[in-house]
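Asks: One file: target-v7.txt (compact mmCIF, C-alpha atoms (C1' of nucleotides) and all ligand atoms).
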```txt
# COMPACT_ATOMS: atom_id res chain seq x y z
CA MET G 28 15.36 15.54 -21.39
CA ALA G 29 16.40 12.00 -22.02
CA THR G 30 19.89 11.16 -20.81
CA LEU G 31 22.25 9.12 -22.92
CA ALA G 32 21.88 5.37 -22.83
CA GLN G 33 24.66 3.54 -21.01
CA HIS G 34 27.61 4.33 -23.32
CA GLN G 35 28.34 6.71 -26.15
CA HIS G 36 25.02 6.26 -27.97
CA SER G 37 21.83 8.18 -27.61
CA PRO G 38 18.62 6.13 -27.51
CA ASP G 39 17.97 7.37 -31.04
CA ASP G 40 21.23 5.87 -32.25
CA THR G 41 20.49 2.61 -30.49
CA ILE G 42 17.08 2.36 -32.11
CA HIS G 43 18.49 3.29 -35.52
CA GLY G 44 21.17 0.68 -35.02
CA HIS G 45 18.35 -1.87 -34.96
CA GLY G 46 16.95 -0.56 -38.23
CA LEU G 47 14.01 1.14 -36.51
CA ARG G 48 12.84 4.75 -36.14
CA MET G 49 12.68 6.91 -33.06
CA THR G 50 9.08 8.06 -33.22
CA GLY G 51 7.26 10.50 -30.97
CA GLN G 52 5.50 7.63 -29.22
CA ARG G 53 8.71 5.70 -28.57
CA ARG G 54 10.46 8.78 -27.24
CA ALA G 55 7.54 9.65 -24.97
CA VAL G 56 7.44 6.12 -23.53
CA TYR G 57 11.19 6.13 -23.01
CA ASP G 58 11.08 9.55 -21.34
CA VAL G 59 8.38 8.41 -18.91
CA LEU G 60 10.54 5.46 -17.88
CA MET G 61 13.65 7.60 -17.46
CA GLY G 62 11.66 10.25 -15.59
CA GLU G 63 10.01 8.10 -12.93
CA ARG G 64 12.22 5.22 -12.03
CA ASN G 65 9.33 3.52 -10.22
CA HIS G 66 9.15 0.41 -12.41
CA PRO G 67 5.74 1.35 -13.81
CA THR G 68 3.38 -1.12 -15.47
CA ALA G 69 2.30 -0.72 -19.10
CA VAL G 70 -0.96 0.86 -17.96
CA GLU G 71 0.88 3.30 -15.69
CA VAL G 72 3.14 4.27 -18.57
CA PHE G 73 0.04 4.60 -20.75
CA THR G 74 -1.76 7.05 -18.45
CA LYS G 75 1.42 9.04 -17.92
CA VAL G 76 2.38 9.24 -21.57
CA ARG G 77 -1.09 10.44 -22.56
CA GLY G 78 -0.07 13.81 -21.12
CA GLN G 79 2.42 14.12 -23.98
CA VAL G 80 0.76 12.12 -26.74
CA PRO G 81 -2.97 12.43 -25.97
CA ASN G 82 -4.29 9.73 -28.27
CA ILE G 83 -1.65 7.07 -28.06
CA SER G 84 -3.22 3.65 -27.67
CA LEU G 85 -2.40 1.02 -25.05
CA ALA G 86 -1.37 -1.39 -27.81
CA THR G 87 1.16 1.16 -29.01
CA VAL G 88 2.53 1.55 -25.51
CA TYR G 89 2.99 -2.23 -25.41
CA ASN G 90 4.64 -2.11 -28.84
CA CYS G 91 6.98 0.70 -27.80
CA LEU G 92 7.93 -1.09 -24.58
CA GLU G 93 8.67 -4.24 -26.55
CA THR G 94 10.77 -2.34 -29.07
CA LEU G 95 12.74 -0.55 -26.35
CA THR G 96 13.27 -3.88 -24.61
CA ASP G 97 14.43 -5.56 -27.81
CA CYS G 98 16.88 -2.72 -28.41
CA GLY G 99 18.23 -3.16 -24.89
CA LEU G 100 17.21 0.30 -23.67
CA VAL G 101 14.92 -0.97 -20.93
CA LYS G 102 14.40 -4.20 -19.05
CA ILE G 103 11.14 -5.97 -18.36
CA VAL G 104 10.54 -7.02 -14.77
CA THR G 105 8.03 -9.68 -13.83
CA HIS G 106 6.90 -10.59 -10.33
CA GLU G 107 4.62 -13.46 -9.45
CA ARG G 108 1.41 -13.06 -11.38
CA GLY G 109 1.32 -9.27 -11.41
CA PRO G 110 1.55 -7.16 -14.54
CA SER G 111 4.98 -6.69 -16.09
CA ARG G 112 6.96 -3.64 -15.07
CA TYR G 113 9.65 -1.76 -16.95
CA CYS G 114 13.04 -0.55 -15.79
CA PRO G 115 15.56 1.71 -17.56
CA ASN G 116 18.41 0.78 -15.20
CA LEU G 117 20.70 -1.26 -17.43
CA LYS G 118 23.14 -2.29 -14.72
CA ASP G 119 22.89 -5.81 -13.37
CA HIS G 120 20.54 -5.65 -10.38
CA ALA G 121 17.86 -7.50 -8.45
CA HIS G 122 14.47 -6.17 -7.33
CA PHE G 123 12.81 -5.66 -4.00
CA PHE G 124 9.01 -5.63 -3.79
CA CYS G 125 7.38 -4.23 -0.66
CA ASP G 126 4.39 -6.36 0.30
CA SER G 127 2.58 -3.50 2.05
CA CYS G 128 3.00 -0.51 -0.28
CA GLY G 129 3.90 -2.23 -3.56
CA GLU G 130 7.04 -0.14 -4.05
CA VAL G 131 9.68 -1.70 -6.30
CA SER G 132 13.35 -0.80 -5.88
CA ASP G 133 16.70 -1.79 -7.32
CA LEU G 134 19.29 -3.83 -5.42
CA PRO G 135 22.71 -3.62 -7.08
CA LEU G 136 24.86 -6.68 -7.59
CA ARG G 137 27.84 -6.62 -5.23
CA ALA G 138 31.24 -6.16 -6.82
CA ARG G 139 32.92 -9.37 -7.98
CA LYS G 140 29.93 -11.53 -6.97
CA ARG G 141 27.92 -13.85 -9.15
CA PRO G 142 24.63 -15.61 -8.48
CA GLN G 143 26.47 -18.90 -9.08
CA ASP G 144 28.32 -18.24 -5.82
CA VAL G 145 25.08 -18.81 -3.92
CA TRP G 146 23.26 -21.46 -5.95
CA GLU G 147 24.79 -24.68 -7.24
CA VAL G 148 24.69 -24.31 -11.01
CA PRO G 149 26.07 -27.42 -12.76
CA GLU G 150 29.15 -26.64 -14.85
CA ASN G 151 27.65 -27.92 -18.07
CA ILE G 152 24.70 -25.57 -18.19
CA THR G 153 25.00 -22.20 -19.88
CA ILE G 154 23.43 -19.23 -18.12
CA SER G 155 22.28 -16.37 -20.33
CA HIS G 156 20.05 -14.52 -17.88
CA HIS G 157 19.05 -14.39 -14.28
CA GLN G 158 16.17 -12.71 -12.53
CA VAL G 159 16.13 -12.20 -8.79
CA ALA G 160 13.28 -10.86 -6.72
CA PHE G 161 13.07 -10.23 -3.00
CA ARG G 162 9.83 -9.64 -1.13
CA GLY G 163 9.35 -8.13 2.28
CA GLU G 164 8.67 -4.83 3.98
CA CYS G 165 10.32 -1.54 3.08
CA PRO G 166 11.69 0.76 5.82
CA LYS G 167 8.87 3.28 5.36
CA CYS G 168 6.19 0.63 5.93
CA ALA G 169 8.05 -0.89 8.87
CA LYS G 170 8.22 2.53 10.55
CA LYS G 171 4.53 3.17 9.89
CA LYS G 172 3.60 -0.15 11.49
CA ASN G 173 5.76 0.61 14.55
CA LEU G 174 4.06 3.96 15.08
CA LYS G 175 0.64 2.31 14.94
CA SER G 176 1.51 -0.37 17.48
CA GLU G 177 2.97 2.28 19.81
CA ALA G 178 -0.24 4.30 19.61
CA ARG G 179 -2.24 1.19 20.47
CA ASN G 180 -0.05 0.25 23.42
CA PRO G 181 1.92 3.33 24.54
CA LYS G 182 3.90 1.54 27.28
CA SER G 183 5.31 -1.18 25.03
CA LYS G 184 9.07 -1.02 24.70
CA MET S 14 2.18 -23.64 10.73
CA ALA S 15 3.49 -24.46 7.30
CA THR S 16 6.98 -25.41 8.41
CA LEU S 17 5.75 -28.57 10.08
CA ALA S 18 5.28 -30.19 6.67
CA GLN S 19 8.94 -31.04 6.06
CA HIS S 20 9.31 -32.96 9.27
CA GLN S 21 7.20 -35.39 11.21
CA HIS S 22 3.82 -34.94 9.45
CA SER S 23 2.20 -36.63 6.49
CA PRO S 24 0.49 -34.38 3.94
CA ASP S 25 -2.82 -35.48 5.45
CA ASP S 26 -1.79 -34.23 8.86
CA THR S 27 -0.55 -30.96 7.40
CA ILE S 28 -3.85 -30.36 5.65
CA HIS S 29 -5.82 -31.32 8.77
CA GLY S 30 -3.63 -28.95 10.73
CA HIS S 31 -5.06 -26.18 8.59
CA GLY S 32 -8.64 -27.26 9.35
CA LEU S 33 -9.10 -28.74 5.89
CA ARG S 34 -9.78 -32.23 4.53
CA MET S 35 -7.58 -34.48 2.44
CA THR S 36 -9.96 -35.26 -0.40
CA GLY S 37 -9.44 -37.57 -3.36
CA GLN S 38 -8.86 -34.62 -5.65
CA ARG S 39 -6.26 -33.04 -3.38
CA ARG S 40 -4.40 -36.29 -2.95
CA ALA S 41 -4.41 -36.97 -6.68
CA VAL S 42 -3.02 -33.51 -7.42
CA TYR S 43 -0.39 -33.88 -4.74
CA ASP S 44 0.60 -37.34 -6.03
CA VAL S 45 1.05 -36.03 -9.56
CA LEU S 46 3.39 -33.34 -8.28
CA MET S 47 5.38 -35.79 -6.16
CA GLY S 48 5.47 -38.30 -9.01
CA GLU S 49 6.81 -36.11 -11.80
CA ARG S 50 9.07 -33.48 -10.42
CA ASN S 51 8.95 -31.58 -13.72
CA HIS S 52 7.36 -28.41 -12.38
CA PRO S 53 4.16 -28.95 -14.33
CA THR S 54 1.66 -26.20 -15.09
CA ALA S 55 -1.92 -26.36 -13.80
CA VAL S 56 -3.09 -27.64 -17.17
CA GLU S 57 -0.42 -30.34 -17.20
CA VAL S 58 -1.46 -31.43 -13.73
CA PHE S 59 -5.06 -31.36 -14.91
CA THR S 60 -4.51 -33.71 -17.87
CA LYS S 61 -2.36 -36.01 -15.75
CA VAL S 62 -4.74 -36.17 -12.81
CA ARG S 63 -7.68 -36.98 -15.07
CA GLY S 64 -6.24 -40.49 -15.29
CA GLN S 65 -7.07 -40.94 -11.60
CA VAL S 66 -10.10 -38.69 -11.18
CA PRO S 67 -11.70 -38.66 -14.63
CA ASN S 68 -14.12 -35.78 -14.15
CA ILE S 69 -12.13 -33.40 -12.02
CA SER S 70 -12.45 -29.84 -13.33
CA LEU S 71 -9.63 -27.43 -14.10
CA ALA S 72 -11.01 -25.03 -11.49
CA THR S 73 -10.70 -27.76 -8.89
CA VAL S 74 -7.11 -28.40 -9.91
CA TYR S 75 -6.44 -24.69 -9.40
CA ASN S 76 -8.20 -24.84 -6.03
CA CYS S 77 -6.23 -27.89 -4.94
CA LEU S 78 -2.95 -26.34 -6.00
CA GLU S 79 -3.81 -23.20 -4.07
CA THR S 80 -4.75 -25.20 -0.98
CA LEU S 81 -1.56 -27.25 -1.13
CA THR S 82 0.44 -24.06 -1.58
CA ASP S 83 -1.30 -22.38 1.38
CA CYS S 84 -0.57 -25.42 3.52
CA GLY S 85 3.09 -25.24 2.53
CA LEU S 86 3.16 -28.61 0.79
CA VAL S 87 4.12 -27.24 -2.60
CA LYS S 88 5.58 -24.04 -3.97
CA ILE S 89 4.36 -22.01 -6.89
CA VAL S 90 6.97 -21.05 -9.45
CA THR S 91 6.46 -18.18 -11.86
CA HIS S 92 8.66 -17.33 -14.81
CA GLU S 93 8.30 -14.31 -16.99
CA ARG S 94 4.80 -14.30 -18.47
CA GLY S 95 4.39 -18.06 -18.71
CA PRO S 96 1.84 -20.06 -16.77
CA SER S 97 2.59 -20.79 -13.12
CA ARG S 98 4.31 -24.07 -12.32
CA TYR S 99 4.24 -26.12 -9.15
CA CYS S 100 7.06 -27.69 -7.19
CA PRO S 101 6.94 -30.09 -4.24
CA ASN S 102 10.61 -29.52 -3.32
CA LEU S 103 10.38 -27.63 -0.04
CA LYS S 104 14.07 -26.96 0.33
CA ASP S 105 15.33 -23.48 -0.49
CA HIS S 106 16.30 -23.54 -4.15
CA ALA S 107 16.42 -21.54 -7.36
CA HIS S 108 15.19 -22.60 -10.81
CA PHE S 109 16.81 -23.07 -14.16
CA PHE S 110 14.71 -22.76 -17.32
CA CYS S 111 16.11 -24.13 -20.57
CA ASP S 112 15.31 -21.77 -23.41
CA SER S 113 15.37 -24.48 -26.06
CA CYS S 114 13.46 -27.39 -24.49
CA GLY S 115 11.54 -25.64 -21.72
CA GLU S 116 12.84 -28.00 -19.03
CA VAL S 117 12.74 -26.61 -15.50
CA SER S 118 15.18 -27.87 -12.86
CA ASP S 119 16.11 -27.16 -9.27
CA LEU S 120 19.35 -25.48 -8.23
CA PRO S 121 20.04 -25.93 -4.51
CA LEU S 122 21.20 -23.08 -2.34
CA ARG S 123 24.84 -23.57 -1.35
CA ALA S 124 25.52 -24.28 2.30
CA ARG S 125 25.86 -21.20 4.50
CA LYS S 126 25.16 -18.83 1.61
CA ARG S 127 22.44 -16.22 1.41
CA PRO S 128 21.19 -14.17 -1.53
CA GLN S 129 22.13 -11.05 0.43
CA ASP S 130 25.76 -12.05 -0.05
CA VAL S 131 25.44 -11.26 -3.74
CA TRP S 132 23.02 -8.31 -3.85
CA GLU S 133 23.21 -5.20 -1.69
CA VAL S 134 20.11 -5.36 0.46
CA PRO S 135 19.83 -2.32 2.76
CA GLU S 136 19.92 -3.28 6.45
CA ASN S 137 16.57 -1.70 7.24
CA ILE S 138 14.51 -3.75 4.84
CA THR S 139 12.99 -7.05 5.93
CA ILE S 140 13.19 -9.95 3.49
CA SER S 141 10.46 -12.55 3.75
CA HIS S 142 10.91 -14.32 0.41
CA HIS S 143 13.18 -14.52 -2.55
CA GLN S 144 12.70 -15.97 -5.98
CA VAL S 145 15.60 -16.68 -8.28
CA ALA S 146 15.43 -17.83 -11.87
CA PHE S 147 18.20 -18.62 -14.30
CA ARG S 148 17.73 -18.97 -18.03
CA GLY S 149 20.02 -20.59 -20.56
CA GLU S 150 20.65 -23.88 -22.28
CA CYS S 151 20.58 -27.26 -20.59
CA PRO S 152 23.38 -29.82 -21.24
CA LYS S 153 21.10 -32.01 -23.35
CA CYS S 154 20.21 -29.16 -25.71
CA ALA S 155 23.82 -27.97 -25.90
CA LYS S 156 24.94 -31.45 -26.94
CA LYS S 157 22.16 -31.71 -29.51
CA LYS S 158 23.22 -28.40 -31.04
CA ASN S 159 26.86 -29.52 -31.18
CA LEU S 160 25.98 -32.71 -33.00
CA LYS S 161 24.01 -30.75 -35.59
CA SER S 162 26.82 -28.30 -36.29
CA GLU S 163 29.30 -31.17 -36.60
CA ALA S 164 27.08 -32.88 -39.16
CA ARG S 165 26.87 -29.66 -41.14
CA ASN S 166 30.63 -29.05 -41.09
CA PRO S 167 32.44 -32.33 -40.28
CA LYS S 168 35.94 -30.82 -40.32
CA SER S 169 35.28 -28.04 -37.81
CA LYS S 170 37.46 -28.44 -34.78
C1' DC V 1 -28.81 -44.50 11.30
C1' DA V 2 -31.10 -39.82 10.29
C1' DC V 3 -29.94 -35.09 10.54
C1' DC V 4 -27.33 -30.94 10.36
C1' DT V 5 -23.58 -28.07 8.98
C1' DT V 6 -19.74 -27.09 6.20
C1' DA V 7 -16.32 -27.97 3.02
C1' DT V 8 -15.65 -29.12 -1.46
C1' DC V 9 -16.75 -29.77 -6.08
C1' DA V 10 -17.94 -29.14 -11.40
C1' DA V 11 -19.20 -26.15 -14.76
C1' DG V 12 -19.15 -22.18 -16.84
C1' DA V 13 -18.91 -17.05 -16.66
C1' DA V 14 -15.96 -13.29 -15.72
C1' DC V 15 -11.62 -11.15 -15.50
C1' DA V 16 -6.90 -9.02 -16.26
C1' DA V 17 -2.94 -8.70 -18.94
C1' DT V 18 -1.24 -9.16 -23.20
C1' DT V 19 -1.11 -10.10 -28.10
C1' DC V 20 -3.05 -10.10 -32.61
C1' DC V 21 -5.40 -8.02 -36.61
C1' DT V 22 -6.41 -4.52 -39.95
C1' DA V 23 -7.22 -0.25 -42.06
C1' DT V 24 -5.02 4.16 -41.89
C1' DT V 25 -1.23 7.34 -41.16
C1' DT V 26 3.48 8.60 -41.21
C1' DA V 27 8.15 8.81 -42.48
C1' DA V 28 12.38 7.76 -45.49
C1' DG V 29 14.45 7.31 -49.50
C1' DT V 30 14.40 8.42 -54.31
C1' DA T 16 5.85 14.43 -55.47
C1' DC T 17 5.99 9.23 -55.47
C1' DT T 18 6.88 4.84 -53.65
C1' DT T 19 7.38 1.65 -50.13
C1' DA T 20 7.80 -0.04 -45.69
C1' DA T 21 7.23 0.93 -40.80
C1' DA T 22 4.33 2.35 -37.25
C1' DT T 23 -0.04 3.49 -35.17
C1' DA T 24 -5.04 3.41 -33.22
C1' DG T 25 -8.68 0.85 -32.17
C1' DG T 26 -10.74 -3.10 -31.35
C1' DA T 27 -11.05 -8.21 -31.28
C1' DA T 28 -9.01 -12.33 -29.68
C1' DT T 29 -6.25 -15.19 -26.58
C1' DT T 30 -4.27 -16.89 -22.34
C1' DG T 31 -4.05 -17.99 -17.71
C1' DT T 32 -6.53 -17.47 -13.66
C1' DT T 33 -10.29 -16.38 -10.46
C1' DC T 34 -15.10 -16.01 -9.27
C1' DT T 35 -19.94 -17.58 -8.79
C1' DT T 36 -23.37 -20.89 -8.09
C1' DG T 37 -25.97 -24.87 -7.29
C1' DA T 38 -25.11 -29.69 -6.36
C1' DT T 39 -22.43 -33.33 -3.52
C1' DA T 40 -19.94 -35.35 -0.12
C1' DA T 41 -17.95 -35.67 4.50
C1' DG T 42 -17.80 -35.18 9.56
C1' DG T 43 -19.92 -34.64 13.67
C1' DT T 44 -24.12 -35.29 16.88
C1' DG T 45 -27.90 -37.46 19.00
MN MN A 201 15.06 -2.19 -11.79
MN MN A 202 11.61 -26.41 -7.89
ZN ZN A 203 6.47 -0.38 1.64
ZN ZN A 204 17.05 -28.00 -22.88
```
Is it possible to give me this structure as structure tokens?
Replies:
Amino acid sequence: MATLAQHQHSPDDTIHGHGLRMTGQRRAVYDVLMGERNHPTAVEVFTKVRGQVPNISLATVYNCLETLTDCGLVKIVTHERGPSRYCPNLKDHAHFFCDSCGEVSDLPLRARKRPQDVWEVPENITISHHQVAFRGECPKCAKKKNLKSEARNPKSK
Amino acid sequence: MATLAQHQHSPDDTIHGHGLRMTGQRRAVYDVLMGERNHPTAVEVFTKVRGQVPNISLATVYNCLETLTDCGLVKIVTHERGPSRYCPNLKDHAHFFCDSCGEVSDLPLRARKRPQDVWEVPENITISHHQVAFRGECPKCAKKKNLKSEARNPKSK
DNA sequence: CACCTTATCAAGAACAATTCCTATTTAAGT
DNA sequence: ACTTAAATAGGAATTGTTCTTGATAAGGTG
């Protein structure tokens, strides 16, 4: 079941508040995102949501994702030239992309910190958004690699 | 290795160091990037570089940009779903994108600061890269907008 | 210089992700 | 039930990029 969005409103109320309807397709797309918080691509959402709405089209999935994004229920996440991914975590956060397994995870903003503390942003420019992506190797992949190199050379420290 | 580029070597040496040749096309592409530090797209580089090498092809521009990137002479900059842009500033920096005029500018990293100071990055993950983008309104566009609203309502404070 | 071997190139086809178009269906409001 | 606008499915079109291929150019060698 879909949990409530951020504050007092259900996703239905949020969508209605934008003068739009909560349709079966929109709910199914939203539920997939809330269910697997893996930052799926549109195509991944599409294949998943077909289990619920067997003849939804990919264009509709794109439309639903755009609508949900416009209503502020999900965020779109882009990374280099890969396909866009979608995230229902509305808190301010950055993303980590593992180069070996492709996993995407959330990195919360530290309390009382702002990106402007790290980069010199001139006073006279107005910031409305920021997007921060880290790349590297996740702990799982690092461990896997260590096991392999041990097997290859058992005496290595 | 790529890091040599900043220091004692010319771009020619850097490219040779990778077992490649500095051709007319590659130099022309590199010169365009060094000349206008506007973070041009591949197509913008293409039209510009045609002044020097009239029948260079777009595919070759893409190839040159990829080669220069692989050699560490330029960086590729992606932003949301727009076309990739290219940047010859090798220092660690973030980018600001003006929503009204499309201008892209560099924001230097503050001394002795790291992105990890602002986002909670678990100890056991290895960071190899980060990419940081800010969006908003540049000073020029803000001023323009102010002038317009003054003209519309001369008495407004 | 003539010859060989590769790297590089131009041109266009192919590709992946996304957006657009249009006829049909669905839902709200009366 | 009737009217009207919103939403959908399916497919075509677009955009930015990569791939393929045959022709050229550049270094190295004798
Ligand atoms: Mn996220
Ligand atoms: Mn830059
Ligand atoms: Zn991993
Ligand atoms: Zn501007």
Asks: Could you list the protein, DNA and RNA residues that have any atom within 9 Å of ligand MN 201 (chain A), counting only C-alpha atoms (C1' of nucleotides) and all ligand atoms, and write them as a tab-separated table (two decimals) with C-alpha atoms, in the coordinates of the input?
Replies:
```tsv
chain	number	residue	atom	x	y	z
G	64	ARG	CA	12.22	5.22	-12.03
G	65	ASN	CA	9.33	3.52	-10.22
G	66	HIS	CA	9.15	0.41	-12.41
G	102	LYS	CA	14.40	-4.20	-19.05
G	103	ILE	CA	11.14	-5.97	-18.36
G	104	VAL	CA	10.54	-7.02	-14.77
G	112	ARG	CA	6.96	-3.64	-15.07
G	113	TYR	CA	9.65	-1.76	-16.95
G	114	CYS	CA	13.04	-0.55	-15.79
G	115	PRO	CA	15.56	1.71	-17.56
G	116	ASN	CA	18.41	0.78	-15.20
G	117	LEU	CA	20.70	-1.26	-17.43
G	118	LYS	CA	23.14	-2.29	-14.72
G	119	ASP	CA	22.89	-5.81	-13.37
G	120	HIS	CA	20.54	-5.65	-10.38
G	121	ALA	CA	17.86	-7.50	-8.45
G	122	HIS	CA	14.47	-6.17	-7.33
G	123	PHE	CA	12.81	-5.66	-4.00
G	131	VAL	CA	9.68	-1.70	-6.30
G	132	SER	CA	13.35	-0.80	-5.88
G	133	ASP	CA	16.70	-1.79	-7.32
G	134	LEU	CA	19.29	-3.83	-5.42
```
Asks: Pick the closest to chain T from G:His36, G:Lys75, G:His45, G:Arg108: which is it, counting only C-alpha atoms (C1' of nucleotides)?
Replies: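 Comparing G:His36, G:Lys75, G:His45, G:Arg108 against chain T, the winner is G:Arg108.
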Asks: Near chain G, which residues of chain V fall within 10 Å when you count all atoms listed in the file, and what do they look like as a PyMOL selection string?
Replies: chain V and resi 16-19+26-28
Asks: Only residues of chain G matter here; which ones have an atom within 8 Å of chain T, counting only C-alpha atoms (C1' of nucleotides)? Give them as a PyMOL selection string.
Replies: chain G and resi 83-84+87
Asks: Please identify every residue of chain G that has at least one atom no more than 8 Å from any atom of chain S, counting all atoms listed in the file, and report them as number ranges by chain.
Replies: G: 104-108, 111, 120-121, 134-137, 140-142, 144-148, 151-166
Asks: Any idea what the distance is between atom ZN of ligand ZN 204 (chain A) and CA of Gly48 in chain S?
Replies: 20.8 Å
Asks: One number please: CA of Leu60 in chain G to CA of Leu47 in chain G, in Å, one decimal.
Replies: 19.4 Å
Asks: Excluding Leu95 in chain G and residues on its chain fewer than 6 positions from it, collect all residues at most 9 Å away from it, counting only C-alpha atoms (C1' of nucleotides), and give them as a ChimeraX atom specification.
Replies: /G:38,42,53,56-57,101-102
Asks: Dump C-alpha atoms for the selected residues as a JSON list (two decimals), in the coordinates of the input?
Replies:
```
[["chain", "number", "residue", "atom", "x", "y", "z"],
["G", 38, "PRO", "CA", 18.62, 6.13, -27.51],
["G", 42, "ILE", "CA", 17.08, 2.36, -32.11],
["G", 53, "ARG", "CA", 8.71, 5.70, -28.57],
["G", 56, "VAL", "CA", 7.44, 6.12, -23.53],
["G", 57, "TYR", "CA", 11.19, 6.13, -23.01],
["G", 101, "VAL", "CA", 14.92, -0.97, -20.93],
["G", 102, "LYS", "CA", 14.40, -4.20, -19.05]]
```
Asks: Kindly give the distance, in Å, that separates CA of Asp97 in chain G and CA of Val72 in chain G, rounded to a single decimal.
Replies: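 CA of Val72 in chain G lies at a distance of 17.6 Å from CA of Asp97 in chain G.
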Asks: For ligand ZN 203 (chain A), which residue among G:Leu174, G:Leu100, G:Cys128, G:Val76 is the nearest when counting all atoms listed in the file?
Replies: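 Looking at the shortest contact to ligand ZN 203 (chain A), the residue is G:Cys128.
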